[in-house]
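*Asks:* Structure: final-v4.txt, compact mmCIF, C-alpha atoms and all ligand atoms.
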# COMPACT_ATOMS: atom_id res chain seq x y z
CA MET A 1 32.39 97.70 194.35
CA TRP A 2 35.82 98.93 193.25
CA LYS A 3 36.96 95.93 191.21
CA TYR A 4 40.69 96.58 191.06
CA PRO A 5 41.87 95.12 194.42
CA LYS A 6 40.86 91.72 193.01
CA ASP A 7 43.71 91.93 190.51
CA PHE A 8 46.21 91.99 193.38
CA PRO A 9 46.48 88.57 195.03
CA ILE A 10 48.60 89.86 197.94
CA LEU A 11 45.74 92.05 199.15
CA ASP A 12 43.60 89.00 199.70
CA GLN A 13 45.27 87.98 202.92
CA LYS A 14 44.97 88.49 206.65
CA ILE A 15 47.56 90.24 208.80
CA HIS A 16 47.18 89.62 212.55
CA GLY A 17 43.74 88.25 211.77
CA HIS A 18 42.58 91.38 209.89
CA LYS A 19 42.15 92.13 206.21
CA LEU A 20 45.36 93.68 204.88
CA THR A 21 44.89 97.41 204.34
CA TYR A 22 47.93 98.41 202.34
CA LEU A 23 48.70 102.11 202.61
CA ASP A 24 52.38 102.17 201.70
CA SER A 25 52.39 102.43 197.93
CA ALA A 26 54.76 105.41 197.95
CA ALA A 27 57.38 102.93 199.19
CA THR A 28 56.43 100.25 196.70
CA THR A 29 53.21 99.26 194.99
CA GLN A 30 51.67 95.82 194.96
CA LYS A 31 51.75 93.85 191.72
CA PRO A 32 48.74 92.82 189.65
CA LYS A 33 48.33 89.22 188.49
CA VAL A 34 49.27 90.17 184.92
CA VAL A 35 52.71 91.28 186.09
CA LEU A 36 53.22 88.11 188.16
CA GLU A 37 52.15 86.05 185.16
CA ALA A 38 54.51 87.95 182.87
CA LEU A 39 57.41 87.15 185.22
CA GLN A 40 56.49 83.48 185.33
CA ASN A 41 55.88 83.36 181.59
CA TYR A 42 59.27 84.89 180.95
CA TYR A 43 61.07 82.21 182.94
CA GLU A 44 58.89 79.43 181.53
CA THR A 45 59.11 80.35 177.86
CA LEU A 46 61.74 83.02 177.11
CA ASN A 47 64.62 82.83 179.56
CA ALA A 48 67.97 83.37 177.84
CA ASN A 49 70.61 86.05 178.02
CA ILE A 50 69.96 88.98 175.72
CA HIS A 51 71.90 90.74 172.96
CA ARG A 52 74.39 87.89 172.66
CA GLY A 53 72.75 84.70 171.47
CA VAL A 54 72.27 83.80 167.82
CA TYR A 55 69.69 81.20 168.79
CA GLN A 56 65.97 81.79 168.70
CA LEU A 57 65.32 81.86 172.44
CA SER A 58 67.89 84.59 173.00
CA GLU A 59 66.51 86.56 170.08
CA LYS A 60 63.01 86.32 171.55
CA ALA A 61 64.21 87.38 175.01
CA THR A 62 66.06 90.32 173.44
CA GLU A 63 62.96 91.31 171.53
CA ALA A 64 60.80 91.21 174.66
CA TYR A 65 63.37 93.29 176.57
CA GLU A 66 63.65 95.85 173.77
CA ASN A 67 59.87 95.98 173.42
CA THR A 68 59.67 97.20 177.01
CA ARG A 69 62.14 99.94 176.15
CA LYS A 70 59.85 101.03 173.33
CA HIS A 71 56.86 100.79 175.65
CA VAL A 72 58.52 102.96 178.32
CA ALA A 73 59.52 105.53 175.68
CA LYS A 74 55.90 105.75 174.50
CA PHE A 75 54.55 105.80 178.08
CA ILE A 76 56.61 108.87 179.05
CA GLY A 77 56.62 110.56 175.64
CA ALA A 78 60.32 110.13 174.84
CA ARG A 79 61.25 110.79 171.22
CA ASP A 80 63.35 107.67 170.81
CA PRO A 81 63.68 104.33 172.69
CA SER A 82 67.47 104.81 172.85
CA GLU A 83 66.78 107.63 175.32
CA ILE A 84 65.59 105.01 177.81
CA ILE A 85 68.33 103.45 179.96
CA PHE A 86 67.41 100.58 182.27
CA THR A 87 68.98 100.73 185.71
CA ARG A 88 68.23 98.94 189.00
CA ASN A 89 66.09 101.76 190.39
CA ALA A 90 65.65 105.54 190.42
CA THR A 91 68.55 105.85 192.85
CA GLU A 92 70.93 104.19 190.40
CA ALA A 93 69.57 106.32 187.55
CA ILE A 94 70.39 109.51 189.49
CA ASN A 95 73.83 108.17 190.45
CA LEU A 96 74.48 107.37 186.80
CA VAL A 97 73.98 111.04 185.96
CA ALA A 98 76.04 112.21 188.95
CA TYR A 99 78.97 109.96 188.05
CA THR A 100 79.00 110.51 184.29
CA TRP A 101 77.38 113.80 183.32
CA GLY A 102 78.53 115.19 186.67
CA GLU A 103 82.15 114.15 186.23
CA LYS A 104 82.27 115.77 182.82
CA ASN A 105 80.27 118.93 183.44
CA ILE A 106 80.74 119.99 187.05
CA SER A 107 83.89 121.86 188.05
CA GLU A 108 85.22 123.57 191.13
CA GLY A 109 83.04 126.45 192.24
CA ASP A 110 80.01 125.34 190.21
CA GLU A 111 76.60 125.25 191.84
CA ILE A 112 74.05 122.44 191.95
CA LEU A 113 70.57 123.60 192.81
CA LEU A 114 68.34 121.26 194.82
CA THR A 115 65.30 121.74 197.02
CA GLU A 116 64.73 121.07 200.68
CA MET A 117 62.22 118.34 199.82
CA GLU A 118 64.60 116.01 197.98
CA HIS A 119 64.64 112.33 198.79
CA HIS A 120 68.13 111.26 199.93
CA SER A 121 68.47 109.53 196.53
CA ASN A 122 68.37 112.94 194.88
CA LEU A 123 70.58 114.60 197.47
CA VAL A 124 73.41 112.30 198.54
CA PRO A 125 74.72 111.63 194.97
CA TRP A 126 75.03 115.41 194.52
CA GLN A 127 76.76 115.81 197.89
CA LEU A 128 79.28 113.18 196.78
CA LEU A 129 79.76 114.88 193.42
CA ALA A 130 80.12 118.31 195.03
CA THR A 131 82.76 116.92 197.40
CA ARG A 132 84.68 115.30 194.54
CA LYS A 133 84.62 118.46 192.49
CA GLY A 134 84.67 121.29 195.02
CA ALA A 135 81.21 122.40 193.86
CA HIS A 136 78.46 123.91 196.04
CA LEU A 137 74.91 122.79 196.76
CA LYS A 138 72.14 125.35 197.04
CA PHE A 139 68.61 124.63 198.21
CA ILE A 140 65.25 126.13 197.27
CA PRO A 141 63.48 126.39 200.65
CA LEU A 142 59.99 125.24 201.61
CA THR A 143 57.00 127.29 202.68
CA ASP A 144 55.22 126.48 205.94
CA GLU A 145 52.52 124.91 203.80
CA GLY A 146 54.94 122.39 202.26
CA THR A 147 55.40 123.80 198.78
CA LEU A 148 58.58 125.17 197.21
CA ASP A 149 59.15 128.79 198.12
CA LEU A 150 59.69 130.23 194.64
CA LYS A 151 59.39 133.92 195.59
CA ASN A 152 63.07 134.54 194.92
CA LEU A 153 63.56 131.91 192.25
CA ASP A 154 65.65 134.18 190.01
CA ALA A 155 68.16 134.67 192.79
CA PHE A 156 68.94 130.94 192.87
CA PHE A 157 70.25 130.91 189.32
CA THR A 158 73.71 132.29 188.67
CA PRO A 159 76.16 131.72 185.80
CA LYS A 160 77.64 128.97 188.00
CA THR A 161 74.37 127.00 188.31
CA LYS A 162 75.09 123.95 186.16
CA LEU A 163 72.35 121.62 187.36
CA LEU A 164 68.89 121.77 188.88
CA ALA A 165 67.85 118.43 190.41
CA VAL A 166 64.31 118.47 191.73
CA THR A 167 61.60 116.01 192.64
CA HIS A 168 58.40 116.10 190.59
CA MET A 169 56.36 114.92 193.56
CA SER A 170 57.48 114.72 197.18
CA ASN A 171 57.32 111.31 198.82
CA SER A 172 56.72 112.77 202.27
CA LEU A 173 54.70 115.95 201.69
CA GLY A 174 52.84 114.75 198.61
CA THR A 175 53.56 118.12 196.98
CA ILE A 176 53.50 118.20 193.19
CA ASN A 177 56.09 120.70 192.04
CA PRO A 178 55.67 123.09 189.07
CA VAL A 179 58.45 121.37 187.16
CA SER A 180 57.56 122.88 183.76
CA LYS A 181 58.11 126.35 185.14
CA LEU A 182 61.34 125.29 186.86
CA ILE A 183 62.69 123.63 183.72
CA GLU A 184 61.93 126.71 181.65
CA LYS A 185 63.62 128.97 184.16
CA ALA A 186 66.67 126.68 184.38
CA HIS A 187 67.03 126.47 180.62
CA GLN A 188 66.94 130.26 180.30
CA ASN A 189 70.05 130.10 182.49
CA GLN A 190 71.69 127.25 180.47
CA THR A 191 71.18 125.01 183.52
CA THR A 192 70.64 121.28 182.89
CA VAL A 193 67.65 119.74 184.71
CA LEU A 194 67.20 116.32 186.28
CA ILE A 195 63.71 115.49 187.48
CA ASP A 196 63.33 112.83 190.14
CA GLY A 197 60.10 111.22 188.95
CA ALA A 198 60.13 108.27 191.35
CA GLN A 199 56.72 109.29 192.72
CA ALA A 200 55.29 111.29 189.84
CA ALA A 201 55.76 108.72 187.07
CA ALA A 202 53.56 106.35 189.06
CA HIS A 203 50.72 108.81 189.60
CA LEU A 204 50.69 111.48 186.88
CA LYS A 205 50.63 111.42 183.11
CA ILE A 206 54.17 112.31 182.13
CA ASN A 207 55.45 113.62 178.83
CA VAL A 208 59.18 114.20 179.10
CA SER A 209 59.37 115.81 175.66
CA GLU A 210 56.68 118.37 176.48
CA LEU A 211 58.27 118.99 179.86
CA ASN A 212 61.58 119.42 178.07
CA ALA A 213 63.37 117.66 180.96
CA ASP A 214 67.00 116.79 180.29
CA PHE A 215 66.87 113.76 182.60
CA TYR A 216 63.91 112.02 184.21
CA ALA A 217 64.48 109.14 186.67
CA PHE A 218 62.00 106.65 188.10
CA SER A 219 61.50 103.09 189.40
CA ALA A 220 59.25 100.32 188.03
CA HIS A 221 58.40 98.97 191.47
CA LYS A 222 56.50 102.12 192.42
CA MET A 223 54.21 101.72 189.40
CA LEU A 224 53.06 98.08 189.61
CA GLY A 225 56.27 96.69 188.12
CA PRO A 226 58.85 94.35 189.64
CA THR A 227 61.62 95.49 191.96
CA GLY A 228 65.12 95.82 190.51
CA VAL A 229 64.16 97.87 187.45
CA GLY A 230 64.71 101.60 187.15
CA VAL A 231 64.62 104.00 184.24
CA LEU A 232 66.78 106.92 183.30
CA TYR A 233 65.37 109.00 180.50
CA GLY A 234 67.90 111.40 179.01
CA LYS A 235 67.89 113.58 175.92
CA LYS A 236 69.79 111.71 173.24
CA GLU A 237 72.36 114.40 172.56
CA ILE A 238 73.15 114.70 176.27
CA LEU A 239 73.42 110.94 176.84
CA GLU A 240 75.63 110.59 173.77
CA ASP A 241 78.01 113.15 175.16
CA MET A 242 78.34 111.38 178.54
CA PRO A 243 81.07 108.86 179.38
CA PRO A 244 79.88 105.37 180.42
CA PHE A 245 78.88 104.58 183.99
CA LEU A 246 79.65 100.93 184.75
CA GLY A 247 82.19 99.11 182.61
CA GLY A 248 81.85 95.48 181.58
CA GLY A 249 80.19 93.18 179.11
CA GLU A 250 77.72 94.36 176.50
CA MET A 251 78.56 98.05 176.73
CA ILE A 252 81.73 97.78 174.64
CA LEU A 253 82.40 97.71 170.91
CA GLU A 254 86.08 96.80 170.94
CA VAL A 255 88.42 96.00 173.79
CA TYR A 256 92.21 96.28 173.74
CA LYS A 257 94.70 95.88 176.55
CA ASP A 258 94.72 99.54 177.47
CA TYR A 259 91.46 100.95 176.16
CA SER A 260 88.00 100.11 174.89
CA THR A 261 85.37 101.73 172.73
CA TRP A 262 81.69 101.95 173.59
CA LYS A 263 78.52 100.82 171.96
CA PRO A 264 75.99 103.49 171.01
CA LEU A 265 72.96 104.28 173.18
CA PRO A 266 71.41 102.69 175.10
CA GLU A 267 73.86 99.79 175.50
CA LYS A 268 76.70 102.13 176.49
CA PHE A 269 74.98 102.52 179.87
CA GLU A 270 73.82 98.93 180.40
CA ALA A 271 76.87 96.90 181.40
CA GLY A 272 76.41 93.26 182.39
CA THR A 273 73.29 91.11 182.46
CA PRO A 274 70.32 93.27 183.39
CA ASN A 275 67.13 92.28 185.20
CA ILE A 276 65.67 90.85 181.98
CA ALA A 277 62.64 89.22 183.56
CA GLY A 278 61.85 92.36 185.53
CA VAL A 279 62.13 94.60 182.49
CA VAL A 280 59.94 92.28 180.40
CA ALA A 281 57.27 92.14 183.12
CA PHE A 282 57.40 95.93 183.54
CA SER A 283 55.68 96.18 180.18
CA ALA A 284 52.67 94.32 181.61
CA ALA A 285 52.55 96.90 184.43
CA LEU A 286 52.55 99.75 181.91
CA THR A 287 49.75 98.10 179.94
CA TYR A 288 47.75 97.76 183.16
CA LEU A 289 48.26 101.47 183.89
CA GLU A 290 47.34 102.39 180.31
CA ASN A 291 44.15 100.38 180.54
CA PHE A 292 43.31 102.01 183.85
CA GLY A 293 44.24 105.44 182.43
CA MET A 294 46.67 107.81 184.12
CA GLU A 295 44.04 110.58 184.18
CA ASN A 296 41.62 108.19 185.87
CA LEU A 297 44.33 107.26 188.35
CA ARG A 298 44.92 110.92 189.21
CA GLN A 299 41.19 111.47 189.59
CA HIS A 300 40.81 108.41 191.81
CA GLU A 301 43.71 109.50 194.02
CA LYS A 302 42.42 113.07 194.22
CA GLU A 303 39.05 111.84 195.48
CA LEU A 304 40.65 109.44 197.93
CA THR A 305 43.14 111.99 199.22
CA GLN A 306 40.45 114.65 199.59
CA TYR A 307 38.32 112.20 201.53
CA ALA A 308 41.27 111.12 203.69
CA LEU A 309 42.31 114.71 204.45
CA GLY A 310 38.74 115.49 205.52
CA ARG A 311 38.49 112.44 207.76
CA LEU A 312 41.96 112.90 209.27
CA LYS A 313 41.07 116.49 210.17
CA GLU A 314 38.26 115.11 212.34
CA LEU A 315 40.88 113.71 214.71
CA GLU A 316 41.93 116.19 217.36
CA GLY A 317 45.70 116.41 217.76
CA LEU A 318 46.44 115.16 214.27
CA ARG A 319 48.89 117.31 212.29
CA ILE A 320 49.01 116.95 208.52
CA PHE A 321 52.11 117.92 206.53
CA GLY A 322 52.07 119.24 202.99
CA PRO A 323 49.59 121.40 201.07
CA MET A 324 45.86 121.02 201.72
CA ASP A 325 44.98 122.13 198.19
CA ILE A 326 44.32 118.87 196.38
CA SER A 327 45.51 120.24 193.03
CA LEU A 328 48.97 120.69 194.58
CA ARG A 329 49.36 117.23 196.06
CA GLY A 330 49.30 113.55 195.23
CA GLY A 331 48.03 110.59 197.20
CA VAL A 332 50.57 110.75 200.01
CA ILE A 333 49.66 112.02 203.47
CA SER A 334 52.25 112.42 206.21
CA PHE A 335 50.99 113.14 209.70
CA THR A 336 51.74 113.02 213.39
CA TYR A 337 49.08 112.16 215.96
CA LEU A 338 49.10 113.66 219.44
CA ASP A 339 52.41 112.78 221.04
CA ILE A 340 52.33 109.15 219.90
CA HIS A 341 55.64 108.26 218.29
CA PRO A 342 55.03 107.36 214.62
CA HIS A 343 56.79 104.00 215.08
CA ASP A 344 54.44 103.13 217.95
CA LEU A 345 51.50 104.24 215.85
CA GLY A 346 52.70 102.09 212.96
CA THR A 347 53.02 99.05 215.21
CA VAL A 348 49.55 99.44 216.69
CA LEU A 349 48.06 99.91 213.21
CA ASP A 350 49.94 96.85 211.95
CA HIS A 351 48.16 94.78 214.59
CA GLN A 352 44.93 95.84 212.88
CA GLY A 353 46.24 94.78 209.47
CA ILE A 354 47.01 98.36 208.39
CA ALA A 355 50.36 98.91 206.69
CA ILE A 356 51.60 102.51 206.81
CA ARG A 357 55.10 103.91 206.65
CA THR A 358 56.76 105.55 209.64
CA GLY A 359 60.09 107.34 209.98
CA HIS A 360 61.88 110.10 208.08
CA HIS A 361 61.00 108.63 204.65
CA CYS A 362 64.54 109.35 203.37
CA ASN A 363 63.62 113.03 203.77
CA GLN A 364 65.60 114.20 206.78
CA LEU A 365 65.74 117.76 205.43
CA VAL A 366 61.94 117.85 205.38
CA MET A 367 61.75 116.47 208.93
CA ARG A 368 64.15 119.17 210.14
CA ARG A 369 62.27 121.91 208.29
CA TYR A 370 59.07 121.02 210.12
CA ASP A 371 60.81 120.21 213.38
CA VAL A 372 59.84 116.56 213.71
CA SER A 373 62.05 113.49 213.82
CA ALA A 374 59.55 111.27 212.02
CA THR A 375 56.02 111.14 210.69
CA ALA A 376 53.46 108.47 209.88
CA ARG A 377 52.60 108.27 206.18
CA ALA A 378 49.62 106.79 204.39
CA SER A 379 49.88 106.56 200.62
CA PHE A 380 47.36 105.36 198.07
CA TYR A 381 47.20 103.67 194.73
CA LEU A 382 44.58 102.45 192.33
CA TYR A 383 43.61 99.49 194.52
CA ASN A 384 42.78 101.64 197.56
CA THR A 385 39.25 102.66 198.44
CA LYS A 386 37.42 104.98 200.81
CA GLU A 387 36.83 101.93 202.97
CA ASP A 388 40.63 101.70 203.44
CA VAL A 389 40.60 105.31 204.64
CA ASP A 390 37.79 104.51 207.09
CA ILE A 391 39.77 101.54 208.39
CA LEU A 392 42.78 103.83 208.90
CA ILE A 393 40.69 106.38 210.83
CA GLU A 394 39.20 103.65 213.01
CA GLY A 395 42.71 102.28 213.55
CA LEU A 396 43.96 105.69 214.65
CA GLN A 397 41.05 106.07 217.06
CA LYS A 398 41.87 102.68 218.55
CA ALA A 399 45.54 103.63 218.80
CA LYS A 400 44.57 106.77 220.72
CA ALA A 401 42.43 104.77 223.11
CA TYR A 402 45.28 102.28 223.56
CA PHE A 403 47.86 104.96 224.37
CA ASP A 404 45.38 106.90 226.56
CA ARG A 405 44.89 103.74 228.66
CA GLY A 406 48.65 103.25 228.82
CA SER A 407 49.27 106.79 230.01
CA LYS A 408 46.50 106.53 232.62
CA LYS A 409 48.02 103.28 233.92
CA GLY A 410 51.43 104.95 234.03
CA ALA A 411 50.06 108.00 235.93
C1 LIG B 501 60.91 110.96 195.49
C2 LIG B 501 61.75 109.71 195.48
N1 LIG B 501 62.93 109.71 194.87
C3 LIG B 501 63.71 108.63 194.81
C4 LIG B 501 63.33 107.46 195.41
C5 LIG B 501 64.21 106.28 195.32
O1 LIG B 501 63.58 105.23 194.66
P1 LIG B 501 64.27 103.81 194.62
O2 LIG B 501 64.43 103.38 196.05
O3 LIG B 501 63.33 102.94 193.87
O4 LIG B 501 65.59 103.98 193.97
C6 LIG B 501 62.12 107.41 196.09
C7 LIG B 501 61.70 106.19 196.81
O5 LIG B 501 60.93 106.22 197.74
C8 LIG B 501 61.30 108.55 196.12
O6 LIG B 501 60.12 108.54 196.74
As structure tokens, what does this structure read like?
*Replies:*
Amino acid sequence: MWKYPKDFPILDQKIHGHKLTYLDSAATTQKPKVVLEALQNYYETLNANIHRGVYQLSEKATEAYENTRKHVAKFIGARDPSEIIFTRNATEAINLVAYTWGEKNISEGDEILLTEMEHHSNLVPWQLLATRKGAHLKFIPLTDEGTLDLKNLDAFFTPKTKLLAVTHMSNSLGTINPVSKLIEKAHQNQTTVLIDGAQAAAHLKINVSELNADFYAFSAHKMLGPTGVGVLYGKKEILEDMPPFLGGGEMILEVYKDYSTWKPLPEKFEAGTPNIAGVVAFSAALTYLENFGMENLRQHEKELTQYALGRLKELEGLRIFGPMDISLRGGVISFTYLDIHPHDLGTVLDHQGIAIRTGHHCNQLVMRRYDVSATARASFYLYNTKEDVDILIEGLQKAKAYFDRGSKKGA
């Protein structure tokens, strides 16, 4: 018996009379008891505002908050905790870079290089920046298989290419991108690199220093942590050179009527009261992942994804998106089934207790590239098992039978 689902109280419930089969972890993961307890413990024993009280409770809350910063730095291999900025989510982390680094470093005529598989969170902020500055967006295209088409990579880099912003792992295709190679290439061209790690940080062992990424953005809620906590990693010298993002309390040193001065990193980028409880509890999520082991997680997801791909291929009329080579993909499988609309499929599966994602997954460029308006998506995490995959397959077979009956009635 795979013991981990037991750590997740939410999984122990019935949906429409069936056991909940949760297959939407790419959207957000469920939370283990230790994280729920850490949240409760924070409010029961530590709650105070941070960085401002001289009393013991505030000092303890500050220490717990700062300990998570150290923990995150260690978890992703950052050189210094001050390179870790807490935001609300990955989206805000990317916007922070677009509004601060972008304002300072992007000028008219400059180029920002993206890929056709970017989540809207790593596309729209750059569109806004490009519009403000008169810069241009360029896109690395996708192969039919669902990987980046890197044949003509050199041609994408010009003296005007100031930024490469690329996802480490696609949330719709599951593709894991060769970010090391891309970072190296970009740096040879003096191009700064932001990696959208919203999916990858949750599933792969990351070392931002070895990768040599300039920025790496991700969200706690996709890796067992609470919602409302995101992380922007940035190289110290780059962050130090950037103007602040949001202005307000706690990010200032001195304030006069017409100007202010800023605190050093990381406070410069953390205006106002942050999600203290969420940040503190995020540390419990990281400990859980460390105990599980990120290599073990990858191995577990590889086995599950391989099994799921094999079983899904048994279903006639089922189209899978993204690479079939398991070394190139994570535990995310997007598919369409016959001519059943993904939303209808999702609803029928929900009535069997199966939670999948349907829609464009904030990846409209991907949908257009493969000429579909939406897909169904099953995504896995450490609490999923082969039995969950079997339940999904059975659910899909039932959905087919349901829609077959419907179409016969309609005929
Ligand atoms: C690849 C990718 N980037 C960015 C995001 C945005 O994450 P968040 O909504 O937590 O800001 C997501 C969320 O699904 C994602 O999958």
*Asks:* 8 Å from ligand LIG 501 (chain B) is the threshold here; counting all atoms listed in the file, which polymer residues fall inside it? Answer as number ranges by chain.
*Replies:* A: 26-28, 88-93, 118-122, 167-172, 196-200, 218-222, 227, 230, 361-362
*Asks:* Export C-alpha atoms of the chosen residues as a PDB file, in the frame of the given file?
*Replies:*
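Contents of the output file part-v4.pdb:
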ATOM      1  CA  ALA A  26      54.760 105.410 197.950  1.00  0.00           C
ATOM      2  CA  ALA A  27      57.380 102.930 199.190  1.00  0.00           C
ATOM      3  CA  THR A  28      56.430 100.250 196.700  1.00  0.00           C
ATOM      4  CA  ARG A  88      68.230  98.940 189.000  1.00  0.00           C
ATOM      5  CA  ASN A  89      66.090 101.760 190.390  1.00  0.00           C
ATOM      6  CA  ALA A  90      65.650 105.540 190.420  1.00  0.00           C
ATOM      7  CA  THR A  91      68.550 105.850 192.850  1.00  0.00           C
ATOM      8  CA  GLU A  92      70.930 104.190 190.400  1.00  0.00           C
ATOM      9  CA  ALA A  93      69.570 106.320 187.550  1.00  0.00           C
ATOM     10  CA  GLU A 118      64.600 116.010 197.980  1.00  0.00           C
ATOM     11  CA  HIS A 119      64.640 112.330 198.790  1.00  0.00           C
ATOM     12  CA  HIS A 120      68.130 111.260 199.930  1.00  0.00           C
ATOM     13  CA  SER A 121      68.470 109.530 196.530  1.00  0.00           C
ATOM     14  CA  ASN A 122      68.370 112.940 194.880  1.00  0.00           C
ATOM     15  CA  THR A 167      61.600 116.010 192.640  1.00  0.00           C
ATOM     16  CA  HIS A 168      58.400 116.100 190.590  1.00  0.00           C
ATOM     17  CA  MET A 169      56.360 114.920 193.560  1.00  0.00           C
ATOM     18  CA  SER A 170      57.480 114.720 197.180  1.00  0.00           C
ATOM     19  CA  ASN A 171      57.320 111.310 198.820  1.00  0.00           C
ATOM     20  CA  SER A 172      56.720 112.770 202.270  1.00  0.00           C
ATOM     21  CA  ASP A 196      63.330 112.830 190.140  1.00  0.00           C
ATOM     22  CA  GLY A 197      60.100 111.220 188.950  1.00  0.00           C
ATOM     23  CA  ALA A 198      60.130 108.270 191.350  1.00  0.00           C
ATOM     24  CA  GLN A 199      56.720 109.290 192.720  1.00  0.00           C
ATOM     25  CA  ALA A 200      55.290 111.290 189.840  1.00  0.00           C
ATOM     26  CA  PHE A 218      62.000 106.650 188.100  1.00  0.00           C
ATOM     27  CA  SER A 219      61.500 103.090 189.400  1.00  0.00           C
ATOM     28  CA  ALA A 220      59.250 100.320 188.030  1.00  0.00           C
ATOM     29  CA  HIS A 221      58.400  98.970 191.470  1.00  0.00           C
ATOM     30  CA  LYS A 222      56.500 102.120 192.420  1.00  0.00           C
ATOM     31  CA  THR A 227      61.620  95.490 191.960  1.00  0.00           C
ATOM     32  CA  GLY A 230      64.710 101.600 187.150  1.00  0.00           C
ATOM     33  CA  HIS A 361      61.000 108.630 204.650  1.00  0.00           C
ATOM     34  CA  CYS A 362      64.540 109.350 203.370  1.00  0.00           C
TER      35      CYS A 362
END
*Asks:* Show which residues sit within 10 Å of stretch 262-266 of chain A, as a CSV table (one decimal) with C-alpha atoms, in the frame of the given file. Count all atoms listed in the file, and ignore same-chain residues fewer than 5 positions away.
*Replies:*
chain,number,residue,atom,x,y,z
A,69,ARG,CA,62.1,99.9,176.2
A,81,PRO,CA,63.7,104.3,172.7
A,82,SER,CA,67.5,104.8,172.8
A,83,GLU,CA,66.8,107.6,175.3
A,84,ILE,CA,65.6,105.0,177.8
A,85,ILE,CA,68.3,103.4,180.0
A,86,PHE,CA,67.4,100.6,182.3
A,236,LYS,CA,69.8,111.7,173.2
A,239,LEU,CA,73.4,110.9,176.8
A,240,GLU,CA,75.6,110.6,173.8
A,243,PRO,CA,81.1,108.9,179.4
A,244,PRO,CA,79.9,105.4,180.4
A,247,GLY,CA,82.2,99.1,182.6
A,250,GLU,CA,77.7,94.4,176.5
A,251,MET,CA,78.6,98.0,176.7
A,252,ILE,CA,81.7,97.8,174.6
A,253,LEU,CA,82.4,97.7,170.9
A,254,GLU,CA,86.1,96.8,170.9
A,255,VAL,CA,88.4,96.0,173.8
*Asks:* To one decimal in Å, tell me the separation between atom CA of A:Thr161 and atom CA of A:Asn363.
*Replies:*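 According to the coordinates, atom CA of A:Thr161 and atom CA of A:Asn363 are separated by 23.4 Å.
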*Asks:* If I take atom CA of A:Trp2 and atom CA of A:Gly174, how far is one from the other in Å, to one decimal?
*Replies:*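 Separation of atom CA of A:Trp2 and atom CA of A:Gly174: 23.8 Å.
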*Asks:* Which distance in Å separates atom CA of A:Val231 and atom CA of A:Ala355, to one decimal?
*Replies:*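 Between these atoms lies a distance of 27.1 Å.
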*Asks:* Tell me, as a list in words, which residues lie within 7 Å of A:Lys33, counting all atoms listed in the file; anything in the same chain fewer than 5 positions away does not count.
*Replies:*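 The contact residues come out as Asp7, Phe8 and Pro9 of chain A.
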*Asks:* Mind checking which residues fall within 7 Å of A:Tyr216, counting all atoms listed in the file, ignoring those fewer than 4 positions away in the same chain, and posting them as a PDB file with C-alpha atoms, in the frame of the given file?
*Replies:*
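Okay, this is what ended up in selection_27.pdb:
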ATOM      1  CA  LEU A 194      67.200 116.320 186.280  1.00  0.00           C
ATOM      2  CA  ILE A 195      63.710 115.490 187.480  1.00  0.00           C
ATOM      3  CA  ASP A 196      63.330 112.830 190.140  1.00  0.00           C
ATOM      4  CA  GLY A 197      60.100 111.220 188.950  1.00  0.00           C
ATOM      5  CA  LEU A 232      66.780 106.920 183.300  1.00  0.00           C
ATOM      6  CA  TYR A 233      65.370 109.000 180.500  1.00  0.00           C
ATOM      7  CA  GLY A 234      67.900 111.400 179.010  1.00  0.00           C
TER       8      GLY A 234
END
*Asks:* Within 9 Å of (73.1, 125.4, 181.0) (coordinates as in the file), grab all the protein and nucleic acid residues, counting only C-alpha atoms, and write them out as JSON, numbers by chain.
*Replies:* {"A": [159, 161, 162, 163, 186, 187, 188, 189, 190, 191, 192, 193]}
*Asks:* Smallest atom-to-atom distance to A:Tyr381: which of A:Gly77, A:Gly310, A:Gly330, A:Gly109, using all atoms listed in the file?
*Replies:*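 When distances to A:Tyr381 are compared using all atoms listed in the file, the smallest one comes from A:Gly330.
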*Asks:* Which residues, written as a list in words, have at least one atom at most 9 Å from A:His360, with all atoms listed in the file counted and residues fewer than 6 positions away on the same chain left out?
*Replies:* Ser172, Val366, Met367, Val372, Ser373, Ala374, Thr375 and Ala376 of chain A
*Asks:* Counting only C-alpha atoms, figure out which residue out of A:Ser334, A:Glu316, A:Leu382, A:Gly353 gets nearest to A:Asn296.
*Replies:*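 Closest candidate: A:Leu382.
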*Asks:* Given all atoms listed in the file as the basis, pick out the residue of A:His51, A:Arg405, A:Lys398, A:Lys185 nearest to A:Pro274.
*Replies:*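 So, comparing all the options, the nearest one is A:His51.
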*Asks:* With all atoms listed in the file as the basis for distance, which of A:Arg319, A:Lys235, A:Lys386, A:Lys14 is at the shortest distance from A:Asp339?
*Replies:* A:Arg319
*Asks:* With distances taken over all atoms listed in the file, which of A:Ile50, A:His351, A:Gln40, A:Met294 is nearest to A:Glu63?
*Replies:*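 Answer, going by the shortest atom-to-atom distance: A:Ile50.
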*Asks:* Between A:Leu349, A:Ala401, A:Leu224, A:Val389, which is the closest to A:His16 once you count all atoms listed in the file?
*Replies:* A:Leu349
